Each structure stands twice: as structure tokens, then as C-alpha cells.
>>> print(open('data.tsv').read())   # TSV, C-alpha atoms
chain	number	residue	atom	x	y	z
Z	1	GLY	CA	-0.09	20.95	-14.89
Z	2	THR	CA	1.61	23.60	-12.78
Z	3	ASP	CA	3.82	23.88	-9.72
Z	4	ASP	CA	0.94	25.26	-7.62
Z	5	GLY	CA	-1.27	22.18	-8.02
Z	6	ASN	CA	-3.47	23.21	-10.93
Z	7	LEU	CA	-4.27	20.92	-13.83
Z	8	TRP	CA	-6.31	21.56	-16.97
Z	9	VAL	CA	-7.47	19.73	-20.08
Z	10	SER	CA	-8.38	21.03	-23.52
Z	11	LYS	CA	-10.45	18.94	-25.92
Z	12	ASN	CA	-10.38	21.51	-28.75
Z	13	GLY	CA	-6.70	22.12	-29.42
Z	14	GLY	CA	-6.29	24.79	-26.75
Z	15	GLY	CA	-9.42	26.82	-27.62
Z	16	SER	CA	-10.73	26.36	-24.08
Z	17	TRP	CA	-9.44	24.74	-20.91
Z	18	ASP	CA	-11.24	22.97	-18.05
Z	19	ALA	CA	-9.78	22.54	-14.55
Z	20	ILE	CA	-9.46	18.86	-13.57
Z	21	ILE	CA	-8.15	19.02	-9.99
Z	22	ASN	CA	-11.16	17.56	-8.13
Z	23	GLY	CA	-10.05	14.43	-6.30
Z	24	LEU	CA	-6.32	15.27	-6.38
Z	25	PRO	CA	-4.27	16.44	-3.37
Z	26	VAL	CA	-4.52	20.21	-2.96
Z	27	ASP	CA	-1.58	22.57	-3.57
Z	28	ARG	CA	0.90	19.88	-4.67
Z	29	TRP	CA	3.37	20.40	-7.50
Z	30	VAL	CA	2.20	18.63	-10.68
Z	31	SER	CA	5.51	16.97	-11.58
Z	32	SER	CA	4.26	15.15	-14.71
Z	33	VAL	CA	1.22	14.62	-16.87
Z	34	PHE	CA	1.07	11.71	-19.32
Z	35	ALA	CA	-1.72	11.11	-21.85
Z	36	SER	CA	-2.33	7.42	-22.51
Z	37	PRO	CA	-1.33	6.20	-25.97
Z	38	HIS	CA	-4.06	3.52	-25.67
Z	39	ASP	CA	-7.14	5.55	-24.69
Z	40	GLU	CA	-7.84	9.22	-25.39
Z	41	ALA	CA	-9.75	9.72	-22.11
Z	42	THR	CA	-7.01	8.22	-19.89
Z	43	VAL	CA	-4.35	10.39	-18.27
Z	44	PHE	CA	-1.71	9.79	-15.59
Z	45	VAL	CA	-0.35	12.40	-13.21
Z	46	SER	CA	2.37	12.52	-10.56
Z	47	LEU	CA	2.47	15.19	-7.88
Z	48	ASN	CA	4.90	16.07	-5.10
Z	49	GLY	CA	4.82	17.94	-1.82
Z	50	TYR	CA	8.34	19.38	-1.77
Z	51	ARG	CA	7.06	22.84	-0.91
Z	52	LYS	CA	5.29	21.48	2.17
Z	53	ASP	CA	8.24	19.30	3.27
Z	54	GLU	CA	6.10	16.29	2.44
Z	55	TYR	CA	7.59	13.20	0.84
Z	56	LYS	CA	4.52	11.05	0.10
Z	57	THR	CA	3.99	9.23	-3.19
Z	58	TYR	CA	1.25	10.74	-5.33
Z	59	LEU	CA	0.45	8.79	-8.52
Z	60	TYR	CA	-3.02	9.07	-10.06
Z	61	GLN	CA	-4.98	7.93	-13.10
Z	62	SER	CA	-8.18	9.19	-14.68
Z	63	ASN	CA	-10.17	7.33	-17.34
Z	64	ASP	CA	-12.64	10.17	-17.99
Z	65	TYR	CA	-10.54	13.19	-19.02
Z	66	GLY	CA	-9.79	14.06	-15.38
Z	67	LYS	CA	-13.34	14.21	-14.02
Z	68	THR	CA	-12.49	11.50	-11.45
Z	69	TRP	CA	-9.13	10.24	-10.19
Z	70	LYS	CA	-7.90	7.06	-8.54
Z	71	SER	CA	-4.58	6.48	-6.82
Z	72	ILE	CA	-2.26	3.97	-8.49
Z	73	LYS	CA	0.41	4.18	-5.80
Z	74	GLY	CA	-0.23	0.51	-5.01
Z	75	ASP	CA	2.43	-0.93	-2.72
Z	76	LEU	CA	5.11	1.72	-3.31
Z	77	THR	CA	6.95	3.00	-0.26
Z	78	GLU	CA	6.66	6.71	0.46
Z	79	SER	CA	8.96	8.68	-1.83
Z	80	VAL	CA	8.42	11.77	-3.95
Z	81	ALA	CA	7.01	10.95	-7.41
Z	82	ASN	CA	8.61	12.82	-10.30
Z	83	VAL	CA	7.21	11.12	-13.40
Z	84	ILE	CA	4.85	8.36	-14.53
Z	85	ILE	CA	4.34	6.97	-18.03
Z	86	GLN	CA	2.41	4.14	-19.65
Z	87	ASP	CA	4.07	1.70	-22.02
Z	88	PRO	CA	3.08	2.31	-25.67
Z	89	VAL	CA	2.70	-1.44	-26.40
Z	90	ASN	CA	1.30	-2.97	-23.20
Z	91	ALA	CA	-1.39	-0.84	-21.50
Z	92	ASP	CA	-0.93	-2.63	-18.14
Z	93	LEU	CA	2.76	-1.73	-18.00
Z	94	LEU	CA	3.57	1.49	-16.11
Z	95	TYR	CA	6.89	3.11	-15.26
Z	96	ALA	CA	7.39	5.58	-12.42
Z	97	GLY	CA	10.36	7.73	-11.47
Z	98	LEU	CA	10.62	8.48	-7.76
Z	99	ASP	CA	13.26	10.17	-5.66
Z	100	ASN	CA	14.57	6.75	-4.63
Z	101	GLY	CA	14.66	5.11	-8.07
Z	102	THR	CA	12.78	3.80	-11.07
Z	103	TYR	CA	9.86	1.40	-10.66
Z	104	VAL	CA	7.76	-0.73	-12.98
Z	105	SER	CA	4.26	-2.15	-12.58
Z	106	VAL	CA	3.08	-5.00	-14.78
Z	107	ASP	CA	-0.47	-4.91	-13.36
Z	108	HIS	CA	-1.48	-1.29	-13.96
Z	109	GLY	CA	-0.24	0.11	-10.65
Z	110	THR	CA	-1.45	-2.49	-8.18
Z	111	THR	CA	2.07	-3.74	-7.40
Z	112	TRP	CA	5.36	-2.02	-8.16
Z	113	HIS	CA	8.88	-3.43	-8.51
Z	114	PHE	CA	12.21	-1.66	-8.30
Z	115	PHE	CA	13.66	-1.62	-11.81
Z	116	ASN	CA	16.59	-4.02	-11.62
Z	117	LYS	CA	20.04	-2.82	-12.74
Z	118	MET	CA	19.20	0.88	-12.27
Z	119	LEU	CA	20.57	2.95	-9.41
Z	120	ASN	CA	18.29	4.06	-6.61
Z	121	VAL	CA	18.67	7.73	-7.49
Z	122	SER	CA	16.03	10.29	-8.40
Z	123	SER	CA	14.45	9.59	-11.79
Z	124	TYR	CA	13.13	12.81	-13.28
Z	125	ASP	CA	12.08	12.00	-16.82
Z	126	MET	CA	11.49	8.95	-18.99
Z	127	ILE	CA	10.25	7.80	-22.36
Z	128	VAL	CA	9.89	4.48	-24.16
Z	129	HIS	CA	11.74	4.97	-27.44
Z	130	PRO	CA	9.15	4.37	-30.18
Z	131	ARG	CA	11.49	2.51	-32.54
Z	132	GLU	CA	13.74	0.58	-30.17
Z	133	ASN	CA	11.19	-0.12	-27.39
Z	134	GLU	CA	13.78	0.83	-24.80
Z	135	LEU	CA	13.01	2.72	-21.61
Z	136	VAL	CA	15.19	5.83	-21.41
Z	137	VAL	CA	15.43	7.30	-17.89
Z	138	GLY	CA	16.96	10.67	-17.03
Z	139	THR	CA	18.21	10.78	-13.44
Z	140	HIS	CA	19.45	13.46	-11.07
Z	141	GLY	CA	23.24	13.35	-10.98
Z	142	ARG	CA	23.71	9.87	-12.43
Z	143	SER	CA	23.19	10.45	-16.13
Z	144	ILE	CA	20.81	8.43	-18.33
Z	145	PHE	CA	19.90	4.76	-18.19
Z	146	VAL	CA	18.52	2.71	-21.07
Z	147	ALA	CA	16.76	-0.64	-20.66
Z	148	ASP	CA	15.25	-3.03	-23.19
Z	149	VAL	CA	11.58	-3.44	-22.19
Z	150	LYS	CA	10.48	-5.69	-25.06
Z	151	PRO	CA	10.33	-8.77	-22.77
Z	152	MET	CA	8.00	-6.96	-20.35
Z	153	GLN	CA	5.87	-5.64	-23.19
Z	154	GLY	CA	5.07	-9.24	-24.13
Z	155	LEU	CA	3.78	-10.23	-20.68
Z	156	LYS	CA	0.24	-11.58	-20.79
Z	157	ASP	CA	-0.47	-13.49	-17.56
Z	158	VAL	CA	1.17	-11.58	-14.72
Z	159	LYS	CA	-0.48	-13.73	-12.04
Z	160	LYS	CA	1.87	-16.66	-12.68
Z	161	SER	CA	4.35	-17.18	-9.85
Z	162	VAL	CA	7.34	-17.77	-12.12
Z	163	MET	CA	8.12	-16.12	-15.45
Z	164	ALA	CA	11.05	-16.70	-17.75
Z	165	PHE	CA	11.96	-14.39	-20.58
Z	166	ALA	CA	13.55	-15.40	-23.86
Z	167	THR	CA	17.32	-15.54	-23.56
Z	168	GLU	CA	19.82	-13.91	-25.85
Z	169	SER	CA	21.30	-16.26	-28.43
Z	170	ILE	CA	24.75	-17.72	-27.78
Z	171	SER	CA	27.19	-17.96	-30.66
Z	172	PHE	CA	29.28	-21.10	-30.92
Z	173	SER	CA	32.95	-20.73	-30.02
Z	174	GLU	CA	35.73	-23.23	-30.67
Z	175	ARG	CA	37.28	-22.08	-27.38
Z	176	TRP	CA	34.49	-23.56	-25.21
Z	177	GLY	CA	35.99	-25.72	-22.50
Z	178	GLN	CA	39.45	-24.20	-22.91
Z	179	LYS	CA	41.43	-21.86	-20.68
Z	180	GLN	CA	43.17	-18.81	-22.06
Z	181	TYR	CA	45.83	-19.18	-19.36
Z	182	ALA	CA	46.59	-22.04	-16.96
Z	183	TRP	CA	45.27	-20.04	-13.99
Z	184	SER	CA	42.12	-18.66	-15.68
Z	185	LYS	CA	38.64	-20.17	-15.64
Z	186	GLU	CA	37.31	-22.38	-18.41
Z	187	ASN	CA	35.49	-20.61	-21.22
Z	188	LYS	CA	31.92	-21.98	-20.85
Z	189	PRO	CA	28.76	-20.91	-22.68
Z	190	SER	CA	26.14	-19.28	-20.47
Z	191	THR	CA	23.09	-17.07	-20.55
Z	192	SER	CA	21.05	-15.12	-18.02
Z	193	ILE	CA	17.38	-15.75	-17.31
>>> encode(input="data.tsv", output="C-alpha cells")
Amino acid sequence: GTDDGNLWVSKNGGGSWDAIINGLPVDRWVSSVFASPHDEATVFVSLNGYRKDEYKTYLYQSNDYGKTWKSIKGDLTESVANVIIQDPVNADLLYAGLDNGTYVSVDHGTTWHFFNKMLNVSSYDMIVHPRENELVVGTHGRSIFVADVKPMQGLKDVKKSVMAFATESISFSERWGQKQYAWSKENKPSTSI
């Protein structure tokens, strides 16, 4: 992908290249291309219209080596898309970096959710670490964020109205119920859901 809106695919190790821009917005910067780790013919692409002072969200997917494209913007608000990747464990799990933050979709791009605990700053690059299964996000001006995505990778039925993830274990402490100082709060065991 290039900054002038061109996109190609090679199926023979770079011996020949075929243009795959039909069905994509014309003359938009190809900000990222991501080959699916689940299906050889599936590819994801994000584009942006910076050069045309356009700030729409362009996220697309092809399941046939780029012959046809469908938008997977879903319910995202309009913001420039910088990167999109697919989770290496759960094929329905997508991550997108936009100018206003990092988003996750658990239903293959139909609905998107702001990634909790990350700043709403431009996300420019991301990867799911292959050993740790942590999402690593590079931002513009706010460093790098790392998030454990193993709970989301295990999601099976995303149509349920309430989901609870496994909690972290709590180690026993002999100080439970005690105060360190007379004015401090009681030391109580707790966990987040």
C-alpha cells in the first residue's frame, strides 16, 4: 500500500504484482495493510484522507485477495484510521487505531468499543505479542500502551448482554480487616470484574 492510494498483492513471492484498489476510496493514503493470520485470502486495510482535509473512517476487509472489499467501519464515529489488525487467536476480534484512540470489535467489525484504560490519542501502530497475547499500541505523543487481551480472545458468544471475565487471584493476607493507621481504611480483599 502507498500514500497515493495504490494497493497491490503478490501471490508468488514478489515475482508479479496485481493492483487491488477496485472498491476502495480513490486517492486515499493506505495507512496500513494487515494479512489475516487465519485465512490466506483475507486482508484488512485502513486508509485516510489527510491530504484532502478529510477525516472519515476508512476500514475495509477483503476475503478474496483484494478482488472485492467491504467496509468494516461499523458504528465507529468519523475519525482518521491509522491501523487495523486481526487477533491471532480469535478471528472475530479486531483492533483499530484511530486519531481519537484505540478501538476493539468482538464481532468482526459490526460494533466497535473504545479500548478501556487507554488514552484517546492517535494510535499509529499495534501488534498482539505472539508469546504474551498482549496488545501493544504505539501512540502519537503518549508512548506505548500494553493490554492483556487473553480474556477477549476467549469470547465465544458475544450476543450475551452481560459478560464476566475471570478475575485475578487474591492472595491471603493476615492483615485483612486491619488498619495500618487509626485514620486509614481497613485492608479488605477485593478484585475487579
>>> atom_distance(input="data.tsv", atom1="atom CA of Asp53 of chain Z", atom2="atom CA of Asn82 of chain Z")
15.0 Å
>>> residues_around(input="data.tsv", residues="segment 114-118 of chain Z", least_positions_apart="3", cutoff="8 Å", atoms="only C-alpha atoms", output="JSON, numbers by chain")
{"Z": [101, 102, 103, 104, 145]}
>>> residues_around(input="data.tsv", residues="Val136 of chain Z", least_positions_apart="2", cutoff="8 Å", atoms="all atoms listed in the file", output="list in words")
Met126, Ile127, Val128, His129, Glu134, Gly138, Ile144, Phe145, Val146 and Ala147 of chain Z
>>> closest_residue(input="data.tsv", among="Z:Glu54, Z:Asp18, Z:Asp87, Z:Asp3", to="His38 of chain Z", atoms="all atoms listed in the file")
Z:Asp87
>>> residues_around(input="data.tsv", residues="Gly23 of chain Z", least_positions_apart="2", cutoff="12 Å", atoms="all atoms listed in the file", output="PyMOL selection string")
chain Z and resi 5-7+19-21+25-26+58+60-62+66-71
>>> write_last_selection(input="data.tsv", atoms="C-alpha atoms", output="CSV table (one decimal), in the frame of the given file")
chain,number,residue,atom,x,y,z
Z,5,GLY,CA,-1.3,22.2,-8.0
Z,6,ASN,CA,-3.5,23.2,-10.9
Z,7,LEU,CA,-4.3,20.9,-13.8
Z,19,ALA,CA,-9.8,22.5,-14.6
Z,20,ILE,CA,-9.5,18.9,-13.6
Z,21,ILE,CA,-8.2,19.0,-10.0
Z,25,PRO,CA,-4.3,16.4,-3.4
Z,26,VAL,CA,-4.5,20.2,-3.0
Z,58,TYR,CA,1.2,10.7,-5.3
Z,60,TYR,CA,-3.0,9.1,-10.1
Z,61,GLN,CA,-5.0,7.9,-13.1
Z,62,SER,CA,-8.2,9.2,-14.7
Z,66,GLY,CA,-9.8,14.1,-15.4
Z,67,LYS,CA,-13.3,14.2,-14.0
Z,68,THR,CA,-12.5,11.5,-11.4
Z,69,TRP,CA,-9.1,10.2,-10.2
Z,70,LYS,CA,-7.9,7.1,-8.5
Z,71,SER,CA,-4.6,6.5,-6.8
>>> residues_around(input="data.tsv", residues="Ile72 of chain Z", least_positions_apart="6", cutoff="10 Å", atoms="all atoms listed in the file", output="ChimeraX atom specification")
/Z:44-46,57-61,94,105,108-112
>>> atom_distance(input="data.tsv", atom1="atom CA of Arg28 of chain Z", atom2="atom CA of Gly49 of chain Z")
5.2 Å
>>> residues_around(input="data.tsv", residues="Val89 of chain Z", least_positions_apart="5", cutoff="9 Å", atoms="all atoms listed in the file", output="list in words")
Pro37, His38, Asn133, Lys150, Gln153 and Gly154 of chain Z
>>> atom_distance(input="data.tsv", atom1="atom CA of Val30 of chain Z", atom2="atom CA of Val106 of chain Z")
24.0 Å
>>> closest_residue(input="data.tsv", among="Z:Thr2, Z:Ser79, Z:Asn48, Z:Asn120", to="His140 of chain Z", atoms="all atoms listed in the file")
Z:Asn120
>>> closest_residue(input="data.tsv", among="Z:Trp176, Z:Tyr181, Z:Trp17, Z:Trp29", to="Arg51 of chain Z", atoms="all atoms listed in the file")
Z:Trp29
